[in-house]
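**Student:** Provided below: query.csv, containing CSV, C-alpha atoms and all ligand atoms.
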```csv
chain,number,residue,atom,x,y,z
A,1,MET,CA,139.0,-107.0,-155.4
A,2,PRO,CA,135.5,-107.5,-157.0
A,3,ARG,CA,134.8,-107.9,-160.7
A,4,VAL,CA,132.1,-105.5,-161.8
A,5,LEU,CA,130.4,-104.5,-165.0
A,6,MET,CA,131.6,-101.0,-165.5
A,7,LEU,CA,129.7,-98.5,-167.7
A,8,LYS,CA,131.6,-95.6,-169.2
A,9,ASP,CA,130.5,-92.8,-171.4
A,10,GLU,CA,132.7,-94.0,-174.2
A,11,ASP,CA,133.0,-96.8,-176.7
A,12,PRO,CA,132.7,-99.6,-175.7
A,13,ARG,CA,130.1,-98.5,-173.2
A,14,SER,CA,130.4,-101.5,-170.9
A,15,ARG,CA,133.3,-103.8,-169.8
A,16,VAL,CA,133.9,-106.3,-167.0
A,17,GLU,CA,136.7,-104.9,-164.8
A,18,THR,CA,138.4,-105.8,-161.6
A,19,ILE,CA,138.5,-102.9,-159.2
A,20,ASP,CA,139.9,-102.3,-155.7
A,21,ASP,CA,137.6,-102.7,-152.7
A,22,ASP,CA,138.2,-99.0,-151.8
A,23,GLN,CA,136.8,-98.0,-155.2
A,24,LEU,CA,133.4,-99.3,-154.1
A,25,PRO,CA,131.0,-96.6,-152.7
A,26,HIS,CA,131.4,-96.0,-148.9
A,27,ARG,CA,128.2,-97.3,-147.5
A,28,ALA,CA,127.2,-99.2,-144.3
A,29,VAL,CA,126.7,-102.7,-145.5
A,30,SER,CA,129.0,-104.8,-147.7
A,31,VAL,CA,127.2,-107.6,-149.6
A,32,ASP,CA,128.8,-110.5,-151.4
A,33,ILE,CA,126.4,-110.9,-154.3
A,34,ASP,CA,125.2,-114.4,-155.3
A,35,TYR,CA,122.9,-113.4,-158.1
A,36,SER,CA,121.5,-110.4,-159.9
A,37,ASP,CA,119.1,-110.3,-162.9
A,38,LEU,CA,118.4,-108.2,-166.0
A,39,ASN,CA,115.3,-106.1,-166.1
A,40,TYR,CA,113.9,-103.7,-168.8
A,41,LYS,CA,115.4,-100.7,-166.9
A,42,ASP,CA,118.8,-102.4,-166.7
A,43,ALA,CA,118.7,-103.1,-170.5
A,44,LEU,CA,118.0,-99.4,-171.1
A,45,ALA,CA,120.9,-98.4,-168.7
A,46,VAL,CA,123.4,-100.8,-170.2
A,47,SER,CA,122.5,-100.0,-173.8
A,48,GLY,CA,122.3,-96.3,-173.2
A,49,ARG,CA,119.0,-96.2,-175.1
A,50,ALA,CA,117.5,-94.1,-172.3
A,51,LYS,CA,119.2,-91.7,-169.9
A,52,ILE,CA,118.9,-94.0,-166.9
A,53,VAL,CA,122.6,-93.4,-165.9
A,54,ARG,CA,123.8,-89.8,-165.6
A,55,GLU,CA,127.2,-90.2,-163.9
A,56,TYR,CA,130.1,-92.3,-165.1
A,57,PRO,CA,131.9,-94.6,-164.4
A,58,PHE,CA,128.9,-96.5,-163.1
A,59,VAL,CA,128.0,-100.1,-162.1
A,60,PRO,CA,124.4,-100.9,-163.2
A,61,GLY,CA,122.0,-103.6,-161.9
A,62,ILE,CA,118.8,-102.6,-160.1
A,63,ASP,CA,118.6,-105.9,-158.2
A,64,LEU,CA,121.0,-108.0,-156.1
A,65,ALA,CA,120.8,-110.8,-153.6
A,66,GLY,CA,123.5,-112.2,-151.5
A,67,HIS,CA,125.1,-112.4,-148.0
A,68,VAL,CA,126.3,-109.6,-145.8
A,69,ARG,CA,130.1,-109.7,-145.4
A,70,GLU,CA,130.5,-106.7,-143.1
A,71,SER,CA,128.0,-104.4,-141.5
A,72,GLY,CA,128.2,-101.0,-139.8
A,73,ASP,CA,124.5,-101.1,-139.1
A,74,GLU,CA,123.0,-103.0,-136.1
A,75,ARG,CA,120.1,-104.4,-138.2
A,76,TYR,CA,122.4,-106.6,-140.2
A,77,ARG,CA,125.1,-109.1,-139.3
A,78,PRO,CA,127.7,-111.0,-141.4
A,79,GLY,CA,126.1,-114.0,-143.1
A,80,ASP,CA,122.6,-112.5,-143.2
A,81,LYS,CA,120.8,-113.3,-146.5
A,82,VAL,CA,119.6,-110.1,-148.1
A,83,ILE,CA,117.9,-108.6,-151.1
A,84,VAL,CA,118.1,-105.1,-152.7
A,85,THR,CA,115.7,-103.8,-155.3
A,86,GLY,CA,114.8,-100.2,-156.2
A,87,TRP,CA,115.8,-97.0,-154.3
A,88,GLY,CA,117.7,-95.8,-157.3
A,89,VAL,CA,120.2,-98.6,-157.1
A,90,GLY,CA,121.5,-99.3,-160.6
A,91,GLU,CA,120.2,-95.8,-161.6
A,92,ARG,CA,121.8,-93.3,-159.3
A,93,HIS,CA,123.7,-95.6,-157.0
A,94,TRP,CA,126.1,-98.4,-158.0
A,95,GLY,CA,124.2,-101.7,-158.3
A,96,GLY,CA,124.2,-105.4,-158.6
A,97,PHE,CA,126.3,-106.3,-161.6
A,98,ALA,CA,129.2,-107.0,-159.4
A,99,GLU,CA,130.7,-109.7,-157.2
A,100,SER,CA,130.2,-107.5,-154.2
A,101,MET,CA,128.7,-104.0,-153.4
A,102,ASN,CA,128.4,-101.7,-150.5
A,103,VAL,CA,124.8,-100.5,-149.9
A,104,ASP,CA,122.8,-98.4,-147.4
A,105,ALA,CA,121.1,-100.5,-144.7
A,106,GLU,CA,117.7,-98.8,-145.6
A,107,TRP,CA,117.8,-100.4,-149.1
A,108,LEU,CA,118.0,-103.9,-147.7
A,109,VAL,CA,115.2,-106.4,-147.2
A,110,PRO,CA,116.0,-109.6,-145.3
A,111,CYS,CA,115.7,-112.5,-147.8
A,112,PRO,CA,112.9,-114.7,-146.3
A,113,GLU,CA,114.2,-117.9,-144.6
A,114,ARG,CA,112.6,-120.3,-147.1
A,115,MET,CA,113.7,-118.4,-150.2
A,116,THR,CA,117.1,-119.0,-151.9
A,117,THR,CA,119.0,-116.0,-153.2
A,118,LYS,CA,118.7,-117.6,-156.7
A,119,ASN,CA,114.9,-117.7,-156.5
A,120,ALA,CA,114.9,-114.1,-155.1
A,121,MET,CA,116.6,-113.0,-158.3
A,122,LEU,CA,114.5,-115.2,-160.6
A,123,LEU,CA,111.8,-113.0,-159.2
A,124,GLY,CA,113.8,-109.7,-158.8
A,125,THR,CA,112.1,-106.4,-159.4
A,126,ALA,CA,109.9,-108.1,-162.0
A,127,GLY,CA,108.5,-110.6,-159.5
A,128,LEU,CA,108.2,-108.1,-156.7
A,129,THR,CA,106.4,-105.7,-159.1
A,130,ALA,CA,104.0,-108.5,-160.2
A,131,MET,CA,103.2,-109.2,-156.5
A,132,LEU,CA,102.7,-105.5,-155.8
A,133,CYS,CA,100.2,-105.4,-158.7
A,134,VAL,CA,98.4,-108.5,-157.3
A,135,MET,CA,98.2,-106.7,-153.9
A,136,ARG,CA,97.0,-103.4,-155.5
A,137,LEU,CA,94.2,-105.3,-157.3
A,138,GLU,CA,93.3,-107.2,-154.1
A,139,GLU,CA,93.3,-104.0,-152.0
A,140,ALA,CA,91.0,-102.4,-154.6
A,141,GLY,CA,88.5,-105.3,-154.0
A,142,LEU,CA,89.2,-107.7,-156.8
A,143,ALA,CA,86.8,-110.7,-156.3
A,144,GLN,CA,87.9,-114.3,-156.4
A,145,HIS,CA,87.9,-116.1,-159.7
A,146,SER,CA,88.0,-112.9,-161.8
A,147,ALA,CA,88.8,-112.6,-165.5
A,148,ILE,CA,92.1,-110.7,-165.6
A,149,LEU,CA,94.1,-109.4,-168.5
A,150,VAL,CA,97.9,-109.3,-168.4
A,151,THR,CA,99.8,-107.4,-171.1
A,152,GLY,CA,103.4,-107.9,-172.0
A,153,ALA,CA,102.8,-111.4,-170.8
A,154,THR,CA,106.0,-113.0,-171.8
A,155,GLY,CA,108.1,-110.3,-170.1
A,156,GLY,CA,109.5,-110.4,-166.6
A,157,VAL,CA,106.7,-108.7,-164.8
A,158,GLY,CA,104.0,-110.1,-167.2
A,159,SER,CA,105.1,-113.7,-166.9
A,160,TRP,CA,105.2,-113.6,-163.1
A,161,ALA,CA,101.9,-111.9,-163.0
A,162,VAL,CA,100.3,-114.6,-165.1
A,163,GLN,CA,101.7,-117.3,-162.7
A,164,MET,CA,100.7,-115.5,-159.5
A,165,LEU,CA,97.2,-114.6,-160.6
A,166,SER,CA,96.4,-118.0,-162.1
A,167,ARG,CA,97.7,-119.7,-158.9
A,168,LEU,CA,95.3,-117.5,-156.9
A,169,GLY,CA,92.5,-119.0,-159.0
A,170,HIS,CA,91.8,-116.1,-161.4
A,171,GLU,CA,91.1,-116.6,-165.1
A,172,VAL,CA,94.1,-115.0,-166.7
A,173,HIS,CA,94.1,-113.8,-170.3
A,174,ALA,CA,97.6,-113.2,-171.4
A,175,VAL,CA,98.3,-110.6,-174.1
A,176,THR,CA,101.5,-111.0,-176.1
A,177,GLY,CA,103.3,-109.9,-179.3
A,178,LYS,CA,104.9,-113.4,-179.4
A,179,PRO,CA,102.2,-115.8,-180.4
A,180,ASP,CA,104.8,-118.6,-180.6
A,181,GLN,CA,105.0,-118.4,-176.8
A,182,GLY,CA,101.3,-119.1,-176.4
A,183,GLN,CA,101.9,-122.7,-175.2
A,184,TRP,CA,104.4,-121.6,-172.6
A,185,LEU,CA,102.0,-118.9,-171.3
A,186,LYS,CA,99.4,-121.7,-170.9
A,187,GLU,CA,101.9,-123.7,-169.0
A,188,LEU,CA,102.4,-120.7,-166.7
A,189,GLY,CA,98.6,-120.8,-166.1
A,190,ALA,CA,97.1,-118.6,-168.7
A,191,TYR,CA,93.5,-119.5,-169.5
A,192,ASP,CA,93.7,-117.9,-172.9
A,193,VAL,CA,96.3,-116.1,-175.0
A,194,HIS,CA,95.5,-113.0,-177.1
A,195,ASP,CA,97.5,-111.4,-179.8
A,196,ARG,CA,98.8,-107.9,-178.9
A,197,THR,CA,97.4,-106.5,-182.2
A,198,GLU,CA,93.9,-106.9,-180.7
A,199,LEU,CA,94.8,-104.0,-178.4
A,200,GLU,CA,96.9,-101.8,-180.7
A,201,GLY,CA,94.2,-100.2,-182.7
A,202,GLU,CA,92.6,-96.8,-182.1
A,203,PRO,CA,90.3,-97.4,-179.1
A,204,ARG,CA,86.7,-96.1,-178.9
A,205,PRO,CA,85.9,-94.4,-175.5
A,206,LEU,CA,84.2,-97.6,-174.4
A,207,GLU,CA,84.3,-101.1,-175.9
A,208,LYS,CA,82.5,-104.2,-174.6
A,209,GLY,CA,83.4,-104.6,-170.9
A,210,ARG,CA,85.2,-107.9,-170.5
A,211,TRP,CA,87.7,-107.7,-167.7
A,212,ALA,CA,87.4,-107.4,-163.9
A,213,GLY,CA,91.1,-106.6,-163.5
A,214,ALA,CA,94.3,-106.0,-165.5
A,215,VAL,CA,98.0,-105.8,-165.1
A,216,ASP,CA,99.4,-103.5,-167.8
A,217,THR,CA,103.2,-103.5,-168.4
A,218,VAL,CA,102.9,-101.9,-171.8
A,219,GLY,CA,101.2,-98.4,-171.5
A,220,GLY,CA,100.5,-96.3,-174.5
A,221,GLN,CA,97.8,-97.4,-177.0
A,222,VAL,CA,97.5,-100.9,-175.3
A,223,LEU,CA,96.6,-99.4,-171.9
A,224,ALA,CA,94.1,-97.1,-173.6
A,225,ASN,CA,92.4,-100.2,-175.1
A,226,VAL,CA,92.6,-102.1,-171.8
A,227,LEU,CA,90.8,-99.2,-170.1
A,228,ALA,CA,88.0,-99.1,-172.7
A,229,ARG,CA,87.5,-102.9,-172.3
A,230,MET,CA,87.2,-103.0,-168.5
A,231,ASP,CA,84.0,-104.3,-167.0
A,232,TYR,CA,82.0,-102.3,-164.4
A,233,ASN,CA,84.2,-101.4,-161.4
A,234,GLY,CA,87.3,-102.9,-163.2
A,235,ARG,CA,90.7,-102.3,-161.7
A,236,VAL,CA,93.9,-101.8,-163.8
A,237,ALA,CA,97.3,-101.9,-162.2
A,238,ALA,CA,99.4,-99.8,-164.5
A,239,VAL,CA,103.1,-100.6,-164.1
A,240,GLY,CA,105.0,-100.2,-167.3
A,241,LEU,CA,105.8,-98.4,-170.5
A,242,ALA,CA,107.3,-101.0,-172.8
A,243,GLY,CA,104.9,-99.8,-175.5
A,244,GLY,CA,105.0,-96.0,-174.8
A,245,THR,CA,104.6,-93.4,-172.1
A,246,GLU,CA,101.6,-91.6,-173.7
A,247,LEU,CA,98.1,-92.4,-172.6
A,248,ALA,CA,95.3,-91.1,-175.0
A,249,THR,CA,92.1,-92.0,-173.4
A,250,THR,CA,88.8,-90.4,-172.2
A,251,VAL,CA,87.1,-90.1,-168.9
A,252,MET,CA,84.4,-92.5,-170.0
A,253,PRO,CA,85.7,-95.8,-168.4
A,254,PHE,CA,86.2,-93.9,-165.1
A,255,ILE,CA,82.9,-92.1,-164.9
A,256,LEU,CA,80.6,-94.5,-166.6
A,257,ARG,CA,82.0,-97.8,-165.4
A,258,GLY,CA,83.8,-96.8,-162.2
A,259,VAL,CA,87.1,-98.2,-163.6
A,260,SER,CA,90.2,-97.6,-161.3
A,261,LEU,CA,93.6,-96.9,-162.7
A,262,LEU,CA,96.0,-98.1,-160.0
A,263,GLY,CA,99.6,-96.8,-160.5
A,264,THR,CA,102.0,-99.3,-159.1
A,265,ASP,CA,105.6,-98.5,-158.2
A,266,SER,CA,108.3,-100.9,-156.9
A,267,VAL,CA,111.2,-98.4,-156.5
A,268,MET,CA,110.3,-96.2,-153.6
A,269,ILE,CA,107.7,-98.3,-151.7
A,270,PRO,CA,108.3,-98.3,-148.0
A,271,PHE,CA,110.1,-101.2,-146.1
A,272,GLU,CA,106.9,-102.6,-144.5
A,273,GLN,CA,105.1,-103.0,-147.8
A,274,ARG,CA,108.2,-104.4,-149.5
A,275,SER,CA,108.7,-107.0,-146.7
A,276,ARG,CA,105.1,-108.0,-146.9
A,277,ALA,CA,105.4,-108.6,-150.7
A,278,TRP,CA,108.6,-110.6,-150.2
A,279,GLN,CA,106.9,-112.7,-147.5
A,280,ARG,CA,104.1,-113.5,-149.9
A,281,LEU,CA,106.6,-114.3,-152.7
A,282,ALA,CA,108.3,-116.7,-150.3
A,283,GLU,CA,105.0,-118.6,-150.0
A,284,LEU,CA,104.9,-119.3,-153.8
A,285,PRO,CA,105.3,-123.0,-154.5
A,286,GLU,CA,108.7,-124.2,-155.8
A,287,GLU,CA,107.0,-125.5,-159.0
A,288,LEU,CA,106.4,-122.0,-160.1
A,289,PHE,CA,110.2,-121.4,-160.3
A,290,SER,CA,110.7,-124.6,-162.3
A,291,THR,CA,108.1,-123.5,-164.9
A,292,MET,CA,109.7,-120.0,-165.2
A,293,GLN,CA,112.0,-120.0,-168.2
A,294,TYR,CA,115.3,-118.4,-167.6
A,295,GLU,CA,118.8,-118.1,-169.0
A,296,GLU,CA,121.7,-117.9,-166.5
A,297,ILE,CA,124.5,-115.7,-167.8
A,298,GLY,CA,127.8,-114.2,-166.6
A,299,MET,CA,128.5,-110.4,-166.7
A,300,ASP,CA,130.3,-110.7,-170.0
A,301,LEU,CA,127.0,-111.4,-171.8
A,302,ILE,CA,124.9,-108.7,-170.2
A,303,ALA,CA,125.3,-106.1,-173.0
A,304,GLU,CA,124.4,-108.5,-175.7
A,305,ARG,CA,121.3,-109.9,-173.9
A,306,ALA,CA,120.2,-106.3,-173.0
A,307,GLU,CA,119.9,-105.5,-176.7
A,308,ALA,CA,117.9,-108.7,-177.3
A,309,LEU,CA,115.6,-107.8,-174.4
A,310,LEU,CA,115.0,-104.3,-175.8
A,311,ASN,CA,114.3,-105.8,-179.2
A,312,GLY,CA,111.6,-108.0,-177.7
A,313,ASP,CA,113.6,-111.2,-178.3
A,314,ILE,CA,113.6,-112.5,-174.7
A,315,HIS,CA,110.9,-114.2,-172.9
A,316,GLY,CA,111.1,-115.1,-169.2
A,317,ARG,CA,114.0,-114.1,-167.0
A,318,LEU,CA,117.7,-113.4,-167.3
A,319,LEU,CA,119.5,-114.5,-164.2
A,320,ILE,CA,123.1,-113.1,-163.7
A,321,ASP,CA,125.8,-115.0,-161.8
A,322,PRO,CA,128.5,-112.4,-161.3
A,323,HIS,CA,131.0,-115.2,-160.5
A,324,GLN,CA,130.7,-116.9,-163.8
A,401,LIG,N1,106.6,-99.4,-161.9
A,401,LIG,C1,107.6,-100.1,-161.5
A,401,LIG,O1,108.1,-100.1,-160.4
A,401,LIG,C2,108.2,-101.1,-162.5
A,401,LIG,C3,108.9,-102.2,-162.1
A,401,LIG,C4,109.3,-103.2,-163.0
A,401,LIG,C5,109.1,-102.9,-164.4
A,401,LIG,N2,108.5,-101.8,-164.7
A,401,LIG,C6,108.2,-101.5,-166.2
A,401,LIG,O2,107.3,-102.6,-166.6
A,401,LIG,C7,107.6,-102.9,-168.0
A,401,LIG,C8,108.0,-104.3,-168.1
A,401,LIG,O3,109.2,-104.6,-167.4
A,401,LIG,P1,109.9,-106.0,-167.6
A,401,LIG,O4,111.1,-106.0,-166.8
A,401,LIG,O5,108.8,-107.1,-167.5
A,401,LIG,O6,110.3,-105.9,-169.1
A,401,LIG,P2,110.5,-107.1,-170.2
A,401,LIG,O7,110.9,-108.4,-169.6
A,401,LIG,O8,111.3,-106.5,-171.3
A,401,LIG,O9,109.0,-107.3,-170.7
A,401,LIG,C9,108.3,-106.3,-171.5
A,401,LIG,C10,107.3,-107.0,-172.4
A,401,LIG,O10,106.5,-106.0,-173.0
A,401,LIG,C11,106.1,-106.4,-174.3
A,401,LIG,N3,106.7,-105.4,-175.2
A,401,LIG,C12,108.0,-105.1,-175.5
A,401,LIG,N4,108.1,-104.1,-176.4
A,401,LIG,C13,106.8,-103.7,-176.6
A,401,LIG,C14,106.2,-102.8,-177.5
A,401,LIG,N5,107.0,-101.9,-178.2
A,401,LIG,N6,104.9,-102.6,-177.5
A,401,LIG,C15,104.1,-103.4,-176.8
A,401,LIG,N7,104.6,-104.4,-175.9
A,401,LIG,C16,105.9,-104.6,-175.9
A,401,LIG,C17,106.8,-107.8,-174.5
A,401,LIG,O11,105.9,-108.8,-174.2
A,401,LIG,P3,105.0,-109.6,-175.2
A,401,LIG,O12,105.9,-109.8,-176.4
A,401,LIG,O13,104.6,-110.8,-174.5
A,401,LIG,O14,103.9,-108.7,-175.6
A,401,LIG,C18,107.9,-107.8,-173.5
A,401,LIG,O15,108.3,-109.1,-173.2
A,401,LIG,C19,108.8,-101.9,-168.4
A,401,LIG,O16,108.2,-100.8,-169.0
A,401,LIG,C20,109.4,-101.6,-167.0
A,401,LIG,O17,110.1,-100.4,-167.1
A,401,LIG,C21,108.0,-100.9,-163.9
```
Would you mind giving the structure from this file in structure tokens?
**Tutor:**
Amino acid sequence: MPRVLMLKDEDPRSRVETIDDDQLPHRAVSVDIDYSDLNYKDALAVSGRAKIVREYPFVPGIDLAGHVRESGDERYRPGDKVIVTGWGVGERHWGGFAESMNVDAEWLVPCPERMTTKNAMLLGTAGLTAMLCVMRLEEAGLAQHSAILVTGATGGVGSWAVQMLSRLGHEVHAVTGKPDQGQWLKELGAYDVHDRTELEGEPRPLEKGRWAGAVDTVGGQVLANVLARMDYNGRVAAVGLAGGTELATTVMPFILRGVSLLGTDSVMIPFEQRSRAWQRLAELPEELFSTMQYEEIGMDLIAERAEALLNGDIHGRLLIDPHQ
């Protein structure tokens, strides 16, 4: 009889409930969940500020990590350490804000041997996405020791991107709306910290080209400004919309500077690419996890922390222990 965070289309919208095992979706693999985490998309789903969830009652949570309890699929056995991110879990399919969940085998990735389920969820979709951005930039030919901009730097994706890129030897310039977190961003490896207001004005088609690469989690006017400031052959991994979905730009950065805009998705990427990214994440040194700031909460605090996250009051990661 698992406890879950149940969303209903009524007031209050979310509540921790104990349900019967047979109320869980009928899917091939039952996972006992050790940890989940709270991402931007989860915050939108839990708060109801965007139409992420369309059918109620619903268990949100786009990420989960734990151990297989029962499996009707030959690829997984009881006791296997597994991770689920993406595939519409926590959006269309019941997700990770639960003590256990039944999932499709296709959604699972084996948790790498040397990675704990806790570290897997300190990374979660945010860390996976940051690694996918790194891989996109590398595949597009990013040179070593490049100057790279990371926007939304104190957020989940942004803060992991700062750590990963600086660890790889790049000169990371972190852009944030939280100047008081500048010192922490430098501890994560940022070479320099820029105030977000620098990138919020009306951009000219081209500004002085400064950056060889960028990871943009913000979109909108900020992304337009990033594009105008890319150096010749610059590469921008565009991954988020925290600042808006619009993109008012011109073709100038693309046709005069050869800039590439690299759309990056973590939800539907195929298994092989996903596994490769998790293997690279497993190689990250343990000290990166101790530098990452995080708050560990139980399911009863998710709704409150979701509001704080959407109001821009969170930096680092929110780890969820469903057994708390
Ligand atoms: N494509 C994918 O597969 C994928 C995967 C994961 C996430 N995402 C998207 O990536 C974005 C970041 O996700 P996340 O989980 O890292 O979220 P998050 O932890 O909430 O971080 C977002 C960061 O963006 C900045 N920000 C917030 N509101 C803003 C605003 N109005 N204008 C400009 N900047 C703002 C803040 O950083 P500062 O205060 O430091 O500026 C905030 O910490 C979201 O849009 C999310 O939906 C996409």
**Student:** Give, as JSON, the centre coordinates and the x, y and z edge lengths in Å to one decimal for an axis-aligned box around all listed atoms of ligand LIG 401 (chain A), padded by 3 Å on each side.
**Tutor:**
```
{"center_x": 107.6, "center_y": -105.1, "center_z": -169.3, "size_x": 13.4, "size_y": 17.4, "size_z": 23.8}
```
**Student:** Enumerate, in order of chain and increasing residue number, the residues of chain A with an atom no farther than 6 Å from ligand LIG 401 (chain A), each with its shortest atom pair and distance in Å to one decimal, counting all atoms listed in the file, as a Markdown table.
**Tutor:**
```
| residue | atom | partner | partner_atom | distance |
| --- | --- | --- | --- | --- |
| A:Asn39 | CA | A:LIG401 | O4 | 4.3 |
| A:Tyr40 | CA | A:LIG401 | O4 | 4.1 |
| A:Lys41 | CA | A:LIG401 | O17 | 5.3 |
| A:Thr125 | CA | A:LIG401 | C4 | 5.6 |
| A:Ala126 | CA | A:LIG401 | C4 | 5.0 |
| A:Thr129 | CA | A:LIG401 | C3 | 5.2 |
| A:Gly152 | CA | A:LIG401 | O11 | 3.4 |
| A:Ala153 | CA | A:LIG401 | O13 | 4.2 |
| A:Thr154 | CA | A:LIG401 | O13 | 3.8 |
| A:Gly155 | CA | A:LIG401 | O9 | 3.2 |
| A:Gly156 | CA | A:LIG401 | O5 | 3.5 |
| A:Val157 | CA | A:LIG401 | O5 | 3.8 |
| A:Gly158 | CA | A:LIG401 | O5 | 5.7 |
| A:Thr176 | CA | A:LIG401 | O14 | 3.4 |
| A:Gly177 | CA | A:LIG401 | O12 | 3.9 |
| A:Lys178 | CA | A:LIG401 | O12 | 4.8 |
| A:Thr217 | CA | A:LIG401 | C7 | 4.5 |
| A:Val218 | CA | A:LIG401 | N7 | 5.1 |
| A:Val239 | CA | A:LIG401 | N1 | 4.3 |
| A:Gly240 | CA | A:LIG401 | O2 | 3.4 |
| A:Leu241 | CA | A:LIG401 | O16 | 3.7 |
| A:Ala242 | CA | A:LIG401 | O16 | 3.9 |
| A:Gly243 | CA | A:LIG401 | N6 | 3.4 |
| A:Thr264 | CA | A:LIG401 | N1 | 5.4 |
| A:Asp265 | CA | A:LIG401 | O1 | 3.7 |
| A:Ser266 | CA | A:LIG401 | O1 | 3.6 |
| A:Val267 | CA | A:LIG401 | O1 | 5.3 |
| A:Leu309 | CA | A:LIG401 | O8 | 5.5 |
| A:Gly312 | CA | A:LIG401 | C12 | 5.1 |
| A:His315 | CA | A:LIG401 | O15 | 5.7 |
```
**Student:** Take CA of Gly90 in chain A and CA of Pro78 in chain A and report the distance between them in Å, one decimal.
**Tutor:**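 So the two atoms, CA of Gly90 in chain A and CA of Pro78 in chain A, lie 23.3 Å apart.
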**Student:** Asp37 in chain A: which residues within 7 Å, counting all atoms listed in the file, same-chain residues fewer than 5 positions away excluded, as a ChimeraX atom specification?
**Tutor:** /A:63,121,124,318-320
**Student:** Hey, which of A:Met101, A:Leu122, A:Ala140, A:Leu7 ends up closest to Asp20 in chain A? Count all atoms listed in the file.
**Tutor:**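 Closest to Asp20 in chain A of all the choices is A:Met101.
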**Student:** Using only C-alpha atoms, find the one residue out of A:Glu198, A:Glu307, A:Asp180, A:Asp22 that sits nearest to Leu223 in chain A.
**Tutor:**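 Among the listed residues, A:Glu198 lies closest to Leu223 in chain A.
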**Student:** Tell me which of A:Leu261, A:Met131, A:Val172, A:Ile314 sits closest to Glu283 in chain A, counting all atoms listed in the file.
**Tutor:**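 Among A:Leu261, A:Met131, A:Val172, A:Ile314, it is A:Met131 that comes nearest to Glu283 in chain A.
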**Student:** A:Ala161, A:His93, A:Glu138, A:Ile62: which is nearest Ala212 in chain A, counting all atoms listed in the file?
**Tutor:** A:Glu138
**Student:** Name the closest residue to Thr291 in chain A among the candidates A:Trp184, A:Tyr76, A:Phe271, A:Trp278; distances are taken between atoms, counting all atoms listed in the file.
**Tutor:** A:Trp184
**Student:** Residues proximal to (121.1, -110.3, -159.5) were defined as those with any atom within 12 Å of that point in the file's coordinates, counting all atoms listed in the file. Which are they, as an mmCIF file with C-alpha atoms, in the coordinates of the input?
**Tutor:**
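The new file out14.cif reads:
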```
data_model
loop_
_atom_site.group_PDB
_atom_site.id
_atom_site.type_symbol
_atom_site.label_atom_id
_atom_site.label_comp_id
_atom_site.auth_asym_id
_atom_site.auth_seq_id
_atom_site.Cartn_x
_atom_site.Cartn_y
_atom_site.Cartn_z
ATOM 1 C CA VAL A 31 127.200 -107.600 -149.600
ATOM 2 C CA ASP A 32 128.800 -110.500 -151.400
ATOM 3 C CA ILE A 33 126.400 -110.900 -154.300
ATOM 4 C CA ASP A 34 125.200 -114.400 -155.300
ATOM 5 C CA TYR A 35 122.900 -113.400 -158.100
ATOM 6 C CA SER A 36 121.500 -110.400 -159.900
ATOM 7 C CA ASP A 37 119.100 -110.300 -162.900
ATOM 8 C CA LEU A 38 118.400 -108.200 -166.000
ATOM 9 C CA ASN A 39 115.300 -106.100 -166.100
ATOM 10 C CA ASP A 42 118.800 -102.400 -166.700
ATOM 11 C CA PRO A 60 124.400 -100.900 -163.200
ATOM 12 C CA GLY A 61 122.000 -103.600 -161.900
ATOM 13 C CA ILE A 62 118.800 -102.600 -160.100
ATOM 14 C CA ASP A 63 118.600 -105.900 -158.200
ATOM 15 C CA LEU A 64 121.000 -108.000 -156.100
ATOM 16 C CA ALA A 65 120.800 -110.800 -153.600
ATOM 17 C CA GLY A 66 123.500 -112.200 -151.500
ATOM 18 C CA VAL A 82 119.600 -110.100 -148.100
ATOM 19 C CA ILE A 83 117.900 -108.600 -151.100
ATOM 20 C CA VAL A 84 118.100 -105.100 -152.700
ATOM 21 C CA THR A 85 115.700 -103.800 -155.300
ATOM 22 C CA VAL A 89 120.200 -98.600 -157.100
ATOM 23 C CA GLY A 90 121.500 -99.300 -160.600
ATOM 24 C CA GLY A 95 124.200 -101.700 -158.300
ATOM 25 C CA GLY A 96 124.200 -105.400 -158.600
ATOM 26 C CA PHE A 97 126.300 -106.300 -161.600
ATOM 27 C CA ALA A 98 129.200 -107.000 -159.400
ATOM 28 C CA GLU A 99 130.700 -109.700 -157.200
ATOM 29 C CA SER A 100 130.200 -107.500 -154.200
ATOM 30 C CA MET A 101 128.700 -104.000 -153.400
ATOM 31 C CA THR A 117 119.000 -116.000 -153.200
ATOM 32 C CA LYS A 118 118.700 -117.600 -156.700
ATOM 33 C CA ASN A 119 114.900 -117.700 -156.500
ATOM 34 C CA ALA A 120 114.900 -114.100 -155.100
ATOM 35 C CA MET A 121 116.600 -113.000 -158.300
ATOM 36 C CA LEU A 122 114.500 -115.200 -160.600
ATOM 37 C CA LEU A 123 111.800 -113.000 -159.200
ATOM 38 C CA GLY A 124 113.800 -109.700 -158.800
ATOM 39 C CA THR A 125 112.100 -106.400 -159.400
ATOM 40 C CA ALA A 126 109.900 -108.100 -162.000
ATOM 41 C CA GLU A 296 121.700 -117.900 -166.500
ATOM 42 C CA ILE A 297 124.500 -115.700 -167.800
ATOM 43 C CA GLY A 298 127.800 -114.200 -166.600
ATOM 44 C CA MET A 299 128.500 -110.400 -166.700
ATOM 45 C CA ILE A 302 124.900 -108.700 -170.200
ATOM 46 C CA ARG A 317 114.000 -114.100 -167.000
ATOM 47 C CA LEU A 318 117.700 -113.400 -167.300
ATOM 48 C CA LEU A 319 119.500 -114.500 -164.200
ATOM 49 C CA ILE A 320 123.100 -113.100 -163.700
ATOM 50 C CA ASP A 321 125.800 -115.000 -161.800
ATOM 51 C CA PRO A 322 128.500 -112.400 -161.300
ATOM 52 C CA HIS A 323 131.000 -115.200 -160.500
#
```
